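The next block holds one structure in the form of structure tokens; read it before the comments.
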Number of protein chains: 2
Amino acid sequence: MGGDKAPGMVVDGAAAALERHQQVRFLFVGDEARLKPLIEQHPGLATASALRHTTEVVTNDAKPSVALRSGRQSSMRLAINAVHEGAADAVVSAGNTGALMAMAKFVLKTAPGIDRPAIASVFPTARGETVVLDLGANVECDAANLVQFAVMGDAFARAVLGIEKPSIGLLNVGSEDQKGHEELRQAAAILRENKLKLDFHGFVEGSDIPGGAVDVVVTDGFTGNIALKTAEGTARLYTRVLRDAFASSWRGKLGYLLARKGIETVRKRFDPRRYNGAILVGLNGIAIKSHGSTDGKGFANAINQAVNMLTSGYAGRIQDELQRLGTLAEATPEPAPATPTPEPRTAAG
Amino acid sequence: MGGDKAPGMVVDGAAAALERHQQVRFLFVGDEARLKPLIEQHPGLATASALRHTTEVVTNDAKPSVALRSGRQSSMRLAINAVHEGAADAVVSAGNTGALMAMAKFVLKTAPGIDRPAIASVFPTARGETVVLDLGANVECDAANLVQFAVMGDAFARAVLGIEKPSIGLLNVGSEDQKGHEELRQAAAILRENKLKLDFHGFVEGSDIPGGAVDVVVTDGFTGNIALKTAEGTARLYTRVLRDAFASSWRGKLGYLLARKGIETVRKRFDPRRYNGAILVGLNGIAIKSHGSTDGKGFANAINQAVNMLTSGYAGRIQDELQRLGTLAEATPEPAPATPTPEPRTAAG
């Protein structure tokens with residue numbers, strides 16, 4: 001039920017994903033009265049779907065702690081529960097990011113060696129693709145959190161992108177050692193000691209994300225979120241200005257017609273919908289966060305992320321990697337204090 | 001002497017700026033043996049130029065406090081001194097940003113009501129142009145600093161962009177009130193009280209910078225720097241991928257030839273060199289920071305920024321505005337503690 005155009009775009013997305021992956025089965029969680037007619041509009045979707053009815057929803061402005069306490073019958077919570085129970089293999093939501101993270105963390109628990117899960121996604125770059133994390137789960141991060149994100153990013157790049165020895169950069173305002181926040185310098189010192197056997201490249205700058213200087217860019221959730229949205233917005237603006245330029249003269253229009261194939265490839269490469277579906281890494285279970293503002297096409301890509309992770313055995317690999325690296329991470333000089341998980345007043349279910 | 005391709009690109013930039021603005025006179029500060037032959041390569045430049053010789057330079061990896069203490073005969077310091085003495089109207093440097101800010105602050109002093117100067121620049125947006133600050137002068141900022149940046153951004157947008165009542169947004173990970181760091185929420189509370197008579201729009205996200213949601217985006221120097229470099233890098237990547245797409249087939253090549261005029265306009269609109277020349281706002285004097293990696297064309301634009309500010313009377317307007325608003329800013333509920341200026345061991349000169 002989450003997202004600006006929900007639940008319509010969620011159902012549209014499922015229908016589009018079903019065309020691509022006919023083996024997928026959907027468990028819709030939400031208001032039956034609204035969902036059922038939408039599902040029935042798509043031939044074949046109803047037979048591939050089940051429905052868990054609830055009228056409760058987590059609103060976009062709900063604080064994560066409040067959602068966790070009072071949203072135990074919400075569509076988001078029941079969808080996460082379904083993964084925990086084994087009734088679903090993954091949860092995909094376009095709802096409140098903070099609430100999704102808090103609930104997923106509470107229900108699915110964090111993977112061994114990880115204090116805080118992070119949100120990871122893939123950016124288009126000059127060299128291919130780069131994983132960036134955290135994209136918004138943790139607004140404030142200490143050095144130990146950043147080191148754990150490096151561990152998770154490494155595991156993600158190996159498992160999902162198939163890179164044998166991913167290079168890792170810490171996002172900063174310059175590549176010199178003395179730049180940036182204290183926690184960044186501490187994290188860099190830990191990563192340089194290399195007890196974790198990661199390929200640590202050092203500090204990278206904002207331009208190194210699209211530049212593809214490293215395979216994994218590690219940052220706190222505040223900075224990562226700003227970088228992601230600035231990059232997406234810039235690509236959107238560029239596409240728009242380019243379209244206007246082609247439309248402004250007959251020569252432009254004719255040029256567009258001739259070069260259309262190439263231009264469309266470029267536009268698609270930078271379409272945020274193509275990269276929709278951020279992964280909540282560091283949990284015992286697969287949870288995918290879709291952009292709230294996406295459409296059915298974008299939501300289908302978020303579902304696709306989940307399907308890829310499952311069908312290619314990525315999920316198991318990530319968990320193994322995290323466990324292996326997580327054990328090593330426990331040996332870092334400055335382990336983070338355990339992050340207190342907000343406790344609901346009674347047991348969930 | 002600062003910048004990757006200095007001093008050649010500085011001299012090239014001055015020559016290009018002189019073609020555009022024949023009334024400008026240059027005071028080159030640096031190594032005479034290197035500068036003189038370069039200046040003489042450009043007809044007319046020598047007669048429009050003077051030179052202050054020094055062999056000392058501030059290196060790019062020098063800490064600002066060290067540069068301030070030991071760089072009193074550096075080209076950067078002598079150029080700033082020239083503004084203070086009235087021998088120059090503005091200083092333009094492509095050198096070490098931190099050192100430039102520290103020295104400019106020490107020599108020129110901050111404007112009334114301002115604790116910390118900031119770096120401001122103009123971004124291309126869907127609606128035209130938006131001022132963003134701080135872009136890297138202050139890695140850590142408290143609420144009072146952010147409020148002062150809003151005041152300076154307002155003054156800049158009125159004076160330089162000629163916007164009558166600039167709308168102001170605080171950069172955050174979401175537009176909801178409870179999002180982001182504590183200092184952001186405090187700054188928003190102060191701006192909402194509206195004692196400063198600013199048009200405060202509330203929180204904006206990364207995508208709102210290229211989207212042009214507001215005229216002024218206020219953020220700390222760490223986040224602003226990441227946003228700027230990510231946006232520039234994304235535009236550069238887009239331009240490159242587009243060029244490859246046109247070059248990949250004969251239809252693409254022909255299409256490019258036909259639509260070239262429009263495509264070139266787009267490329268230029270996103271060319272970081274066009275926006276080169278960030279302004280150090282909040283100082284008693286004009287100081288412009290050029291990208292270190294720019295070329296002569298980009299450096300000419302940085303000089304152009306200084307010329308525009310001077311010839312259009314912008315400088316005086318900004319100072320008036322800052323003074324008026326600075327007086328109001330002193331009445332904000334939570335004034336910042338005075339930022340300690342690093343003191344050189346003896347008086348400067």
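Ordering of the structure tokens sets the chain letters (A, B, ...), residue numbers begin anew at 1 in every chain, and ligands are numbered from 1 in the order given.
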
(request) Find the spatial neighbours of B:Phe222, counting only C-alpha atoms, within a cut-off of 9 Å - ignore same-chain residues fewer than 6 positions away - and output them as an MDAnalysis selection string. (result) (chainID A and resid 172:173 180:181 223) or (chainID B and resid 134:140)

Hey, can you spit out that residue selection with N, CA and C atoms as a short mmCIF file (atom, residue, chain, number, x, y, z; two decimals), in the first residue's frame?
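And here's out33.cif as it stands now:
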```
data_model
loop_
_atom_site.label_atom_id
_atom_site.label_comp_id
_atom_site.auth_asym_id
_atom_site.auth_seq_id
_atom_site.Cartn_x
_atom_site.Cartn_y
_atom_site.Cartn_z
N ASN A 172 34.20 11.37 0.63
CA ASN A 172 34.70 12.50 1.41
C ASN A 172 34.78 13.73 0.50
N VAL A 173 35.17 14.86 1.07
CA VAL A 173 35.23 16.10 0.29
C VAL A 173 36.59 16.30 -0.39
N GLY A 180 37.61 16.00 5.90
CA GLY A 180 36.34 15.41 6.33
C GLY A 180 36.17 15.24 7.83
N HIS A 181 35.08 14.56 8.18
CA HIS A 181 34.71 14.33 9.56
C HIS A 181 35.68 13.36 10.24
N THR A 223 24.44 11.60 3.61
CA THR A 223 25.20 12.00 2.43
C THR A 223 24.83 11.13 1.23
N ASP B 134 26.64 25.84 1.78
CA ASP B 134 28.06 25.95 1.61
C ASP B 134 28.58 24.77 0.77
N LEU B 135 29.57 25.03 -0.06
CA LEU B 135 30.06 23.98 -0.94
C LEU B 135 31.39 23.40 -0.46
N GLY B 136 31.78 23.69 0.76
CA GLY B 136 32.98 23.03 1.24
C GLY B 136 33.82 23.81 2.24
N ALA B 137 33.39 25.01 2.60
CA ALA B 137 34.21 25.79 3.55
C ALA B 137 34.07 25.25 4.96
N ASN B 138 32.88 24.76 5.30
CA ASN B 138 32.61 24.35 6.68
C ASN B 138 32.08 22.93 6.71
N VAL B 139 32.96 21.98 7.05
CA VAL B 139 32.56 20.57 7.04
C VAL B 139 31.53 20.28 8.13
N GLU B 140 31.68 20.91 9.28
CA GLU B 140 30.71 20.75 10.37
C GLU B 140 29.99 22.08 10.57
#
```

(request) Could you give me, as number ranges by chain, the residues within 8 Å of stretch 1-14 of chain B, counting only C-alpha atoms and dropping anything in the same chain fewer than 2 positions from it? (result) B: 16-18, 26, 29-31, 34-35, 38-39, 42, 45, 57-60, 75-76, 93-96, 291-301, 303

(request) Could you find all residues in stretch 40-138 of chain A that DSSP calls strand (DSSP E or B) from the backbone, and write them as a ChimeraX atom specification? (result) /A:49-53,90-93,110,118-125,128-133

(message) Taking 3 positions as the minimum chain separation for residues in the same chain, which residues sit within 12 Å of A:Ser248 when counting only C-alpha atoms? Answer as an MDAnalysis selection string.
(response) (chainID A and resid 241:245 251:256) or (chainID B and resid 259:263 265:266)

Dump as a PDB file, in the first residue's frame, selection limited to N, CA and C atoms:
```
ATOM      1  N   VAL A 241      16.316  18.696 -20.849  1.00  0.00           N
ATOM      2  CA  VAL A 241      16.916  19.786 -21.619  1.00  0.00           C
ATOM      3  C   VAL A 241      17.275  19.294 -23.018  1.00  0.00           C
ATOM      4  N   LEU A 242      17.747  18.062 -23.091  1.00  0.00           N
ATOM      5  CA  LEU A 242      18.116  17.465 -24.370  1.00  0.00           C
ATOM      6  C   LEU A 242      16.879  17.307 -25.268  1.00  0.00           C
ATOM      7  N   ARG A 243      15.799  16.828 -24.662  1.00  0.00           N
ATOM      8  CA  ARG A 243      14.543  16.646 -25.400  1.00  0.00           C
ATOM      9  C   ARG A 243      14.080  17.981 -25.977  1.00  0.00           C
ATOM     10  N   ASP A 244      14.146  19.031 -25.133  1.00  0.00           N
ATOM     11  CA  ASP A 244      13.751  20.364 -25.581  1.00  0.00           C
ATOM     12  C   ASP A 244      14.634  20.841 -26.728  1.00  0.00           C
ATOM     13  N   ALA A 245      15.938  20.519 -26.646  1.00  0.00           N
ATOM     14  CA  ALA A 245      16.871  20.958 -27.687  1.00  0.00           C
ATOM     15  C   ALA A 245      16.512  20.305 -29.021  1.00  0.00           C
ATOM     16  N   ARG A 251      15.729  20.829 -37.800  1.00  0.00           N
ATOM     17  CA  ARG A 251      16.994  20.096 -37.898  1.00  0.00           C
ATOM     18  C   ARG A 251      17.168  19.193 -36.680  1.00  0.00           C
ATOM     19  N   GLY A 252      16.806  19.746 -35.511  1.00  0.00           N
ATOM     20  CA  GLY A 252      16.883  18.980 -34.274  1.00  0.00           C
ATOM     21  C   GLY A 252      15.961  17.768 -34.316  1.00  0.00           C
ATOM     22  N   LYS A 253      14.740  17.999 -34.798  1.00  0.00           N
ATOM     23  CA  LYS A 253      13.759  16.901 -34.861  1.00  0.00           C
ATOM     24  C   LYS A 253      14.240  15.792 -35.791  1.00  0.00           C
ATOM     25  N   LEU A 254      14.769  16.205 -36.933  1.00  0.00           N
ATOM     26  CA  LEU A 254      15.266  15.237 -37.909  1.00  0.00           C
ATOM     27  C   LEU A 254      16.485  14.497 -37.346  1.00  0.00           C
ATOM     28  N   GLY A 255      17.358  15.254 -36.685  1.00  0.00           N
ATOM     29  CA  GLY A 255      18.539  14.652 -36.062  1.00  0.00           C
ATOM     30  C   GLY A 255      18.130  13.615 -35.030  1.00  0.00           C
ATOM     31  N   TYR A 256      17.100  13.962 -34.237  1.00  0.00           N
ATOM     32  CA  TYR A 256      16.614  13.033 -33.223  1.00  0.00           C
ATOM     33  C   TYR A 256      16.120  11.743 -33.872  1.00  0.00           C
TER      34      TYR A 256
ATOM     35  N   ALA B 259      21.485  17.871 -35.532  1.00  0.00           N
ATOM     36  CA  ALA B 259      20.992  18.458 -34.272  1.00  0.00           C
ATOM     37  C   ALA B 259      22.111  19.134 -33.487  1.00  0.00           C
ATOM     38  N   ARG B 260      23.289  19.266 -34.126  1.00  0.00           N
ATOM     39  CA  ARG B 260      24.473  19.706 -33.401  1.00  0.00           C
ATOM     40  C   ARG B 260      24.282  20.976 -32.577  1.00  0.00           C
ATOM     41  N   LYS B 261      23.614  21.952 -33.190  1.00  0.00           N
ATOM     42  CA  LYS B 261      23.469  23.243 -32.515  1.00  0.00           C
ATOM     43  C   LYS B 261      22.783  23.067 -31.144  1.00  0.00           C
ATOM     44  N   GLY B 262      21.673  22.335 -31.168  1.00  0.00           N
ATOM     45  CA  GLY B 262      20.946  22.098 -29.919  1.00  0.00           C
ATOM     46  C   GLY B 262      21.755  21.287 -28.926  1.00  0.00           C
ATOM     47  N   ILE B 263      22.427  20.253 -29.420  1.00  0.00           N
ATOM     48  CA  ILE B 263      23.207  19.387 -28.534  1.00  0.00           C
ATOM     49  C   ILE B 263      24.356  20.161 -27.896  1.00  0.00           C
ATOM     50  N   THR B 265      24.380  23.322 -27.275  1.00  0.00           N
ATOM     51  CA  THR B 265      23.790  24.207 -26.268  1.00  0.00           C
ATOM     52  C   THR B 265      23.605  23.449 -24.955  1.00  0.00           C
ATOM     53  N   VAL B 266      23.125  22.214 -25.063  1.00  0.00           N
ATOM     54  CA  VAL B 266      22.903  21.393 -23.875  1.00  0.00           C
ATOM     55  C   VAL B 266      24.231  21.088 -23.188  1.00  0.00           C
TER      56      VAL B 266
END
```

(request) Could you give me, as a PyMOL selection string, each residue of stretch 233-330 of chain B that DSSP assigns to alpha helix (DSSP H) when run on this structure's backbone? (result) chain B and resi 233-247+250-269+296-311+314-329

(request) Write out as a ChimeraX atom specification which residues come within 12 Å of B:Phe200 when counting only C-alpha atoms, dropping same-chain ones fewer than 6 positions away. (result) /B:147,150-151,153-154,165-170,187-194,213-218

(message) My list of candidates is B:Val91, B:Ala15, B:Val131, B:Ala99. Which is closest to B:Gly212 when distances are computed with only C-alpha atoms?
(response) B:Val131

(message) Let me make sure I understand: among B:Ala144, B:Val160, B:Ala278, B:Ala62, which one has the smallest atom-to-atom distance to chain A if we use only C-alpha atoms?
(response)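 Closest candidate: B:Ala62.
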
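One finds atom CA of A:Glu85 at 20.6 Å from atom CA of A:Gln23.
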